[in-house]
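Data file: run34.cif. Format and content: mmCIF, C-alpha atoms.
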data_input
#
loop_
_atom_site.group_PDB
_atom_site.id
_atom_site.type_symbol
_atom_site.label_atom_id
_atom_site.label_comp_id
_atom_site.auth_asym_id
_atom_site.auth_seq_id
_atom_site.Cartn_x
_atom_site.Cartn_y
_atom_site.Cartn_z
ATOM 1 C CA PRO A 224 -24.818 158.784 26.054
ATOM 2 C CA LEU A 225 -25.831 162.363 25.249
ATOM 3 C CA PHE A 226 -22.401 162.863 23.704
ATOM 4 C CA VAL A 227 -18.936 161.316 23.898
ATOM 5 C CA ILE A 228 -15.608 163.019 24.631
ATOM 6 C CA GLU A 229 -12.636 161.418 22.904
ATOM 7 C CA LEU A 230 -9.193 161.803 24.480
ATOM 8 C CA GLY A 231 -6.786 159.751 22.425
ATOM 9 C CA SER A 232 -7.742 156.116 22.865
ATOM 10 C CA LEU A 233 -10.064 156.928 25.771
ATOM 11 C CA SER A 234 -13.774 157.665 25.407
ATOM 12 C CA PHE A 235 -15.852 159.379 28.081
ATOM 13 C CA ALA A 236 -19.606 159.049 27.671
ATOM 14 C CA ILE A 237 -21.585 161.974 29.080
ATOM 15 C CA THR A 238 -24.977 160.645 30.193
ATOM 16 C CA LYS A 239 -28.078 162.154 31.759
ATOM 17 C CA PRO A 240 -27.297 160.733 35.256
ATOM 18 C CA LEU A 241 -23.797 162.242 35.075
ATOM 19 C CA LEU A 242 -25.118 165.679 34.144
ATOM 20 C CA VAL A 243 -27.796 165.489 36.844
ATOM 21 C CA MET A 244 -25.195 164.474 39.423
ATOM 22 C CA PHE A 245 -22.943 167.429 38.633
ATOM 23 C CA GLY A 246 -26.020 169.663 38.649
ATOM 24 C CA CYS A 247 -26.781 168.418 42.166
ATOM 25 C CA VAL A 248 -23.230 169.258 43.231
ATOM 26 C CA VAL A 249 -23.824 172.819 42.059
ATOM 27 C CA VAL A 250 -27.216 172.970 43.826
ATOM 28 C CA VAL A 251 -25.814 171.830 47.196
ATOM 29 C CA ILE A 252 -22.769 174.116 47.045
ATOM 30 C CA ALA A 253 -24.821 177.069 45.826
ATOM 31 C CA PHE A 254 -27.469 176.740 48.546
ATOM 32 C CA PHE A 255 -25.047 176.549 51.477
ATOM 33 C CA THR A 256 -22.826 179.268 50.017
ATOM 34 C CA TYR A 257 -25.897 181.486 49.706
ATOM 35 C CA ALA A 258 -27.116 180.548 53.201
ATOM 36 C CA PHE A 259 -23.844 181.490 54.901
ATOM 37 C CA ARG A 260 -22.758 184.373 52.649
ATOM 38 C CA ASN A 261 -23.546 186.912 55.392
ATOM 39 C CA ALA A 262 -23.927 184.754 58.472
ATOM 40 C CA LYS A 263 -25.692 186.374 61.416
ATOM 41 C CA ILE A 264 -25.585 185.458 65.098
ATOM 42 C CA VAL A 265 -29.375 185.126 65.005
ATOM 43 C CA PRO A 266 -30.027 183.162 61.805
ATOM 44 C CA ARG A 267 -32.921 183.863 59.475
ATOM 45 C CA GLY A 268 -34.270 182.420 56.261
ATOM 46 C CA ALA A 269 -31.844 180.220 54.339
ATOM 47 C CA GLN A 270 -29.190 180.459 57.072
ATOM 48 C CA ASN A 271 -31.684 179.157 59.619
ATOM 49 C CA VAL A 272 -32.529 176.160 57.408
ATOM 50 C CA ALA A 273 -28.846 175.474 56.708
ATOM 51 C CA GLU A 274 -27.920 175.635 60.394
ATOM 52 C CA TYR A 275 -30.712 173.226 61.309
ATOM 53 C CA GLY A 276 -29.377 170.855 58.660
ATOM 54 C CA TYR A 277 -25.838 171.139 59.984
ATOM 55 C CA LEU A 278 -26.883 170.631 63.611
ATOM 56 C CA PHE A 279 -29.018 167.649 62.625
ATOM 57 C CA VAL A 280 -26.020 165.907 61.064
ATOM 58 C CA ARG A 281 -23.570 166.962 63.792
ATOM 59 C CA ASP A 282 -25.731 166.176 66.832
ATOM 60 C CA GLY A 283 -28.104 163.538 65.475
ATOM 61 C CA ILE A 284 -25.625 161.475 63.486
ATOM 62 C CA ALA A 285 -21.957 162.281 64.169
ATOM 63 C CA ARG A 286 -21.997 162.880 67.933
ATOM 64 C CA ASP A 287 -24.738 160.342 68.705
ATOM 65 C CA THR A 288 -22.853 157.617 66.834
ATOM 66 C CA ILE A 289 -19.152 158.434 67.160
ATOM 67 C CA GLY A 290 -19.106 160.714 70.194
ATOM 68 C CA LYS A 291 -17.240 163.987 70.534
ATOM 69 C CA GLN A 292 -14.586 162.681 68.149
ATOM 70 C CA GLY A 293 -17.250 162.636 65.483
ATOM 71 C CA ASP A 294 -17.005 166.427 65.057
ATOM 72 C CA LYS A 295 -14.020 166.122 62.720
ATOM 73 C CA PHE A 296 -16.059 163.846 60.436
ATOM 74 C CA VAL A 297 -19.068 166.182 60.245
ATOM 75 C CA PRO A 298 -17.988 167.762 56.907
ATOM 76 C CA LEU A 299 -17.911 164.313 55.278
ATOM 77 C CA LEU A 300 -21.189 163.132 56.798
ATOM 78 C CA PHE A 301 -22.843 166.493 56.116
ATOM 79 C CA SER A 302 -21.797 166.288 52.447
ATOM 80 C CA PHE A 303 -23.009 162.700 52.131
ATOM 81 C CA PHE A 304 -26.410 163.435 53.667
ATOM 82 C CA PHE A 305 -27.339 166.455 51.586
ATOM 83 C CA PHE A 306 -25.745 165.247 48.360
ATOM 84 C CA VAL A 307 -27.507 161.874 48.529
ATOM 85 C CA TRP A 308 -30.780 163.559 49.508
ATOM 86 C CA VAL A 309 -30.669 165.921 46.526
ATOM 87 C CA LEU A 310 -29.693 163.056 44.181
ATOM 88 C CA ASN A 311 -32.696 161.096 45.444
ATOM 89 C CA PHE A 312 -35.001 164.107 45.133
ATOM 90 C CA MET A 313 -34.320 164.319 41.394
ATOM 91 C CA SER A 314 -36.774 161.425 41.051
ATOM 92 C CA ILE A 315 -39.749 163.788 41.331
ATOM 93 C CA VAL A 316 -38.378 166.962 39.728
ATOM 94 C CA PRO A 317 -40.279 167.645 36.469
ATOM 95 C CA GLY A 318 -38.070 167.416 33.419
ATOM 96 C CA ILE A 319 -35.477 165.298 35.239
ATOM 97 C CA GLN A 320 -37.514 162.588 36.984
ATOM 98 C CA PHE A 321 -34.565 160.305 37.545
ATOM 99 C CA PRO A 322 -32.893 159.463 40.882
ATOM 100 C CA VAL A 323 -29.180 159.210 40.120
ATOM 101 C CA THR A 324 -28.756 156.801 43.046
ATOM 102 C CA SER A 325 -30.906 154.265 41.173
ATOM 103 C CA ARG A 326 -27.781 153.609 39.090
ATOM 104 C CA PHE A 327 -25.908 151.072 41.205
ATOM 105 C CA ALA A 328 -22.458 152.456 40.350
ATOM 106 C CA ILE A 329 -23.226 155.713 42.187
ATOM 107 C CA PRO A 330 -24.140 154.390 45.676
ATOM 108 C CA LEU A 331 -21.433 151.736 45.258
ATOM 109 C CA SER A 332 -18.867 154.482 44.685
ATOM 110 C CA PHE A 333 -20.046 156.259 47.839
ATOM 111 C CA ALA A 334 -19.840 153.020 49.844
ATOM 112 C CA VAL A 335 -16.314 152.365 48.547
ATOM 113 C CA LEU A 336 -15.268 155.854 49.678
ATOM 114 C CA VAL A 337 -16.525 155.064 53.177
ATOM 115 C CA TYR A 338 -14.775 151.677 53.099
ATOM 116 C CA LEU A 339 -11.481 153.274 52.035
ATOM 117 C CA LEU A 340 -11.808 155.651 54.991
ATOM 118 C CA TRP A 341 -12.796 153.442 57.907
ATOM 119 C CA VAL A 342 -10.398 150.514 57.306
ATOM 120 C CA PRO A 343 -7.171 152.602 57.066
ATOM 121 C CA LEU A 344 -8.466 154.863 59.850
ATOM 122 C CA GLY A 345 -9.067 151.847 62.089
ATOM 123 C CA VAL A 346 -5.573 150.520 61.424
ATOM 124 C CA LYS A 347 -4.085 153.935 62.178
ATOM 125 C CA ARG A 348 -6.070 154.518 65.385
ATOM 126 C CA GLN A 349 -6.006 151.031 66.894
ATOM 127 C CA GLY A 350 -3.121 149.309 65.143
ATOM 128 C CA ALA A 351 -3.600 146.626 62.509
ATOM 129 C CA GLY A 352 -3.700 143.732 64.965
ATOM 130 C CA ALA A 353 -6.154 145.294 67.404
ATOM 131 C CA PHE A 354 -8.430 146.593 64.642
ATOM 132 C CA PHE A 355 -8.769 143.346 62.736
ATOM 133 C CA LYS A 356 -9.018 141.358 65.968
ATOM 134 C CA GLY A 357 -11.831 143.602 67.180
ATOM 135 C CA MET A 358 -13.660 143.251 63.876
ATOM 136 C CA THR A 359 -13.329 139.467 63.620
ATOM 137 C CA MET A 360 -13.072 138.114 67.176
ATOM 138 C CA PRO A 361 -15.962 139.221 69.440
ATOM 139 C CA LYS A 362 -15.188 139.223 73.163
ATOM 140 C CA ASP A 363 -16.545 136.735 75.714
ATOM 141 C CA VAL A 364 -16.970 133.963 73.146
ATOM 142 C CA PRO A 365 -15.699 130.389 73.687
ATOM 143 C CA LYS A 366 -12.424 130.004 71.783
ATOM 144 C CA LEU A 367 -13.679 127.053 69.749
ATOM 145 C CA MET A 368 -16.390 129.320 68.326
ATOM 146 C CA TYR A 369 -13.750 131.479 66.650
ATOM 147 C CA VAL A 370 -13.242 128.731 64.075
ATOM 148 C CA LEU A 371 -16.767 129.506 62.879
ATOM 149 C CA LEU A 372 -16.976 133.192 63.769
ATOM 150 C CA ILE A 373 -13.764 134.541 62.201
ATOM 151 C CA PRO A 374 -14.662 133.595 58.583
ATOM 152 C CA ILE A 375 -18.218 134.873 59.118
ATOM 153 C CA GLU A 376 -17.013 138.184 60.577
ATOM 154 C CA ILE A 377 -14.461 138.664 57.781
ATOM 155 C CA LEU A 378 -17.157 138.051 55.187
ATOM 156 C CA SER A 379 -19.675 140.230 57.011
ATOM 157 C CA ASN A 380 -17.469 143.218 57.836
ATOM 158 C CA PHE A 381 -15.084 143.445 54.918
ATOM 159 C CA ILE A 382 -17.025 142.065 51.945
ATOM 160 C CA VAL A 383 -20.779 142.118 52.611
ATOM 161 C CA ARG A 384 -20.772 145.450 54.487
ATOM 162 C CA PRO A 385 -19.862 147.746 51.549
ATOM 163 C CA PHE A 386 -22.250 145.801 49.297
ATOM 164 C CA THR A 387 -25.235 146.128 51.647
ATOM 165 C CA HIS A 388 -24.326 149.755 52.351
ATOM 166 C CA SER A 389 -24.743 150.570 48.672
ATOM 167 C CA VAL A 390 -27.486 148.152 47.637
ATOM 168 C CA ARG A 391 -29.875 149.419 50.341
ATOM 169 C CA LEU A 392 -29.849 152.916 48.833
ATOM 170 C CA PHE A 393 -29.887 151.656 45.245
ATOM 171 C CA ALA A 394 -32.740 149.171 45.715
ATOM 172 C CA ASN A 395 -35.027 151.630 47.494
ATOM 173 C CA MET A 396 -34.539 154.384 44.937
ATOM 174 C CA PHE A 397 -34.806 152.018 41.973
ATOM 175 C CA ALA A 398 -38.006 150.430 43.297
ATOM 176 C CA GLY A 399 -39.593 153.780 44.128
ATOM 177 C CA HIS A 400 -38.706 155.168 40.709
ATOM 178 C CA MET A 401 -40.207 152.154 38.929
ATOM 179 C CA LEU A 402 -43.443 152.411 40.934
ATOM 180 C CA ILE A 403 -43.837 156.078 40.041
ATOM 181 C CA VAL A 404 -43.093 155.353 36.382
ATOM 182 C CA THR A 405 -45.571 152.466 36.317
ATOM 183 C CA PHE A 406 -48.497 154.444 37.718
ATOM 184 C CA SER A 407 -47.627 157.504 35.627
ATOM 185 C CA VAL A 408 -47.775 155.420 32.458
ATOM 186 C CA ALA A 409 -50.972 153.711 33.649
ATOM 187 C CA ALA A 410 -52.691 157.042 34.377
ATOM 188 C CA TRP A 411 -51.845 158.246 30.867
ATOM 189 C CA TYR A 412 -52.583 155.154 28.809
ATOM 190 C CA LEU A 413 -55.678 153.988 30.678
ATOM 191 C CA PHE A 414 -57.419 157.303 30.080
ATOM 192 C CA SER A 415 -60.174 156.976 27.503
ATOM 193 C CA PRO A 416 -63.742 158.288 27.057
ATOM 194 C CA SER A 417 -65.266 155.364 28.934
ATOM 195 C CA ILE A 418 -66.210 154.625 32.531
ATOM 196 C CA ILE A 419 -63.522 151.960 32.918
ATOM 197 C CA GLY A 420 -60.912 154.207 31.321
ATOM 198 C CA ILE A 421 -61.756 157.199 33.493
ATOM 199 C CA ILE A 422 -61.918 155.150 36.708
ATOM 200 C CA GLY A 423 -58.695 153.294 35.903
ATOM 201 C CA SER A 424 -56.834 156.473 34.990
ATOM 202 C CA ALA A 425 -58.146 158.359 38.041
ATOM 203 C CA ALA A 426 -57.243 155.482 40.363
ATOM 204 C CA SER A 427 -53.720 155.263 38.915
ATOM 205 C CA PHE A 428 -53.265 159.018 39.223
ATOM 206 C CA THR A 429 -54.467 158.973 42.842
ATOM 207 C CA VAL A 430 -51.994 156.202 43.683
ATOM 208 C CA LEU A 431 -49.295 158.166 41.847
ATOM 209 C CA VAL A 432 -49.875 161.251 44.014
ATOM 210 C CA GLY A 433 -49.743 159.146 47.184
ATOM 211 C CA LEU A 434 -46.582 157.343 46.022
ATOM 212 C CA THR A 435 -44.902 160.652 45.207
ATOM 213 C CA GLY A 436 -45.485 161.884 48.754
ATOM 214 C CA PHE A 437 -44.288 158.581 50.171
ATOM 215 C CA GLU A 438 -41.244 158.693 47.883
ATOM 216 C CA MET A 439 -40.290 162.099 49.274
ATOM 217 C CA LEU A 440 -40.189 160.541 52.747
ATOM 218 C CA ILE A 441 -38.115 157.589 51.509
ATOM 219 C CA GLN A 442 -35.661 159.921 49.747
ATOM 220 C CA ALA A 443 -34.832 161.718 52.980
ATOM 221 C CA LEU A 444 -34.874 158.497 55.008
ATOM 222 C CA GLN A 445 -32.427 156.725 52.693
ATOM 223 C CA ALA A 446 -30.046 159.680 52.778
ATOM 224 C CA TYR A 447 -30.207 159.506 56.581
ATOM 225 C CA VAL A 448 -29.685 155.734 56.708
ATOM 226 C CA PHE A 449 -26.718 155.859 54.330
ATOM 227 C CA THR A 450 -25.074 158.646 56.343
ATOM 228 C CA LEU A 451 -25.853 156.961 59.668
ATOM 229 C CA LEU A 452 -24.252 153.702 58.514
ATOM 230 C CA ALA A 453 -21.200 155.623 57.333
ATOM 231 C CA ALA A 454 -20.953 157.083 60.849
ATOM 232 C CA VAL A 455 -21.350 153.611 62.403
ATOM 233 C CA TYR A 456 -18.486 152.268 60.297
ATOM 234 C CA ILE A 457 -16.275 155.240 61.139
ATOM 235 C CA ASN A 458 -17.076 154.639 64.806
ATOM 236 C CA ASP A 459 -15.740 151.088 64.473
ATOM 237 C CA ALA A 460 -12.460 152.627 63.377
ATOM 238 C CA VAL A 461 -12.277 155.481 65.887
ATOM 239 C CA ASN A 462 -13.471 153.541 68.925
ATOM 240 C CA ALA A 463 -12.649 149.935 69.710
ATOM 241 C CA HIS A 464 -15.410 147.547 68.632
#
Show me the file's structure as structure tokens.
Amino acid sequence: PLFVIELGSLSFAITKPLLVMFGCVVVVIAFFTYAFRNAKIVPRGAQNVAEYGYLFVRDGIARDTIGKQGDKFVPLLFSFFFFVWVLNFMSIVPGIQFPVTSRFAIPLSFAVLVYLLWVPLGVKRQGAGAFFKGMTMPKDVPKLMYVLLIPIEILSNFIVRPFTHSVRLFANMFAGHMLIVTFSVAAWYLFSPSIIGIIGSAASFTVLVGLTGFEMLIQALQAYVFTLLAAVYINDAVNAH
């Protein structure tokens, strides 16, 4: 921890990932507040970029996955997409160089939030019986198969689903971060006034540049996948399976 806050018997450790995460909150809020501070009918500059981002989430994720009813969930999905994207992007920002989502607790917390939304929402929209039946008893299946399918569906939908939702984001960002770190260290420590040292360092640096570009693509892709899956799960609650 960078420092610890003591409140009676409780201790709160303030760490670099925590500070970076709150910094990302400020960045996201500040950008969209700035973009829409004086909104015009014909957008320009930051407003144009912000509107494209909003329409991408609304039309490409919410409506495509949930339908027209997905509009009311756009604020949540919009926040998830851009917040996760900025958290991921911190991996290549000089001086920070740490993707907060490579700490498993962070994507797990996001996945739990989605879980705590779609299950109660499904019960409210469809009724407890219909919701859990739809999630555990697929239609047009021989009844004897339910003996096997029901435990599998319960495990898959209510236990494995939030785990895979979070671990997909965590694993990709952790692996990408470690690759960048490895080739950064190699480029630095292999450098020496010799042919082998120069070639080795140059090769590592070249791979590092390529990996950084590839990592930028993965950062955006993982934010999209996480948000898309959140929309898929919400769809299971809003519309019958």
Selection: 12 Å around A:Ile457, only C-alpha atoms, excl. self and same-chain fewer than 2 positions, as a ChimeraX atom specification | /A:284-286,288-290,292-297,299-300,336-346,348,450-455,459-464
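Pairwise distance (atom CA of A:Leu230, atom CA of A:Leu242) equals 19.0 Å.
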Stretch 238-240 of chain A: which residues within 12 Å, counting only C-alpha atoms, same-chain residues fewer than 4 positions away excluded, as a PyMOL selection string?
-> chain A and resi 224-228+244-247+310-311+313-314+318-329
Where does the PyMOL selection byres ((chain A and resi 428) around 10) land in this file, that is, which residues does it pick, as number ranges by chain?
-> A: 403, 406-411, 422-427, 429-434
Selected residue of minimal separation from A:Ala273 among A:Val248, A:Phe305, A:Asp287, A:Phe255, counting all atoms listed in the file | A:Phe255
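The space between atom CA of A:Ala443 and atom CA of A:Trp308 spans 5.6 Å.
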Mind pulling up the distance from atom CA of A:Val335 to atom CA of A:Pro385?
-> 6.6 Å
